[in-house]
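The next block holds one structure in the form of structure tokens; read it before the comments.
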Amino acid sequence: MSLLLKQLTSAFFLLIGLIASLSWNEWKDSPTWMLAIGIICIFLGVVGVVLNIAQAEEETDT
């Protein structure tokens, strides 16, 4: 998979996670699964960003 597509996917997961978590915080009777989905998506987004940075660094070294 190309580096740009991986970066876009990571940014998308991070965005969805932040939106879900903030929505859970603002809505009065929001379900708990919304917070869980938000936390999982934030975690996947951050891990993806870190892995993309590492992969981009490896590509520039060679």
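By order of appearance in the structure tokens: chains A, B, ..., then residues from 1 within every chain, and ligands from 1 in the order shown.
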Open item on the list: Can you tell me which residues surround Asn25 in chain A at a distance of at most 9 Å, considering only C-alpha atoms, apart from same-chain residues fewer than 5 positions away, and format the answer as a list in words?
Closed with: Ala20, Ser30 and Leu35 of chain A
TODO: Rank nothing, just name the residue among A:Cys41, A:Val47, A:Thr60, A:Ile53 nearest to Phe13 in chain A, using only C-alpha atoms.
DONE: A:Cys41
TODO: Just the residues within 10 Å of Ser23 in chain A, please, counting only C-alpha atoms, with nothing from its chain fewer than 4 positions along; format it as a list in words.
DONE: Gly17, Leu18, Ile19, Trp27, Lys28, Ser30, Met34, Leu35 and Gly38 of chain A
- [ ] Choose the residue, out of A:Met1, A:Lys6, A:Leu22, A:Ala11, that has the smallest atom-to-atom separation from Phe43 in chain A; count only C-alpha atoms.
- [x]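 Ranked by minimum distance to Phe43 in chain A, first place goes to A:Ala11.
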Open item on the list: Need to verify the contact set: Leu4 in chain A, 12 Å, only C-alpha atoms, exclusion of same-chain residues closer than 6 positions in sequence. Can you return it as a ChimeraX atom specification?
Closed with: /A:10-11,48-49,52-53,55-56
Open item on the list: Quick check, in Å to one decimal: how far apart do CA of Glu58 in chain A and CA of Leu44 in chain A lie?
Closed with: 20.9 Å
Task: Closest of A:Leu3, A:Ile16, A:Ala54, A:Leu8 to Ile39 in chain A - atom-to-atom distances counting only C-alpha atoms - done: A:Ile16
Task: Residue nearest Val50 in chain A - candidates A:Ser2, A:Ser21, A:Thr32, A:Gln7, atoms counted: only C-alpha atoms - done: A:Gln7
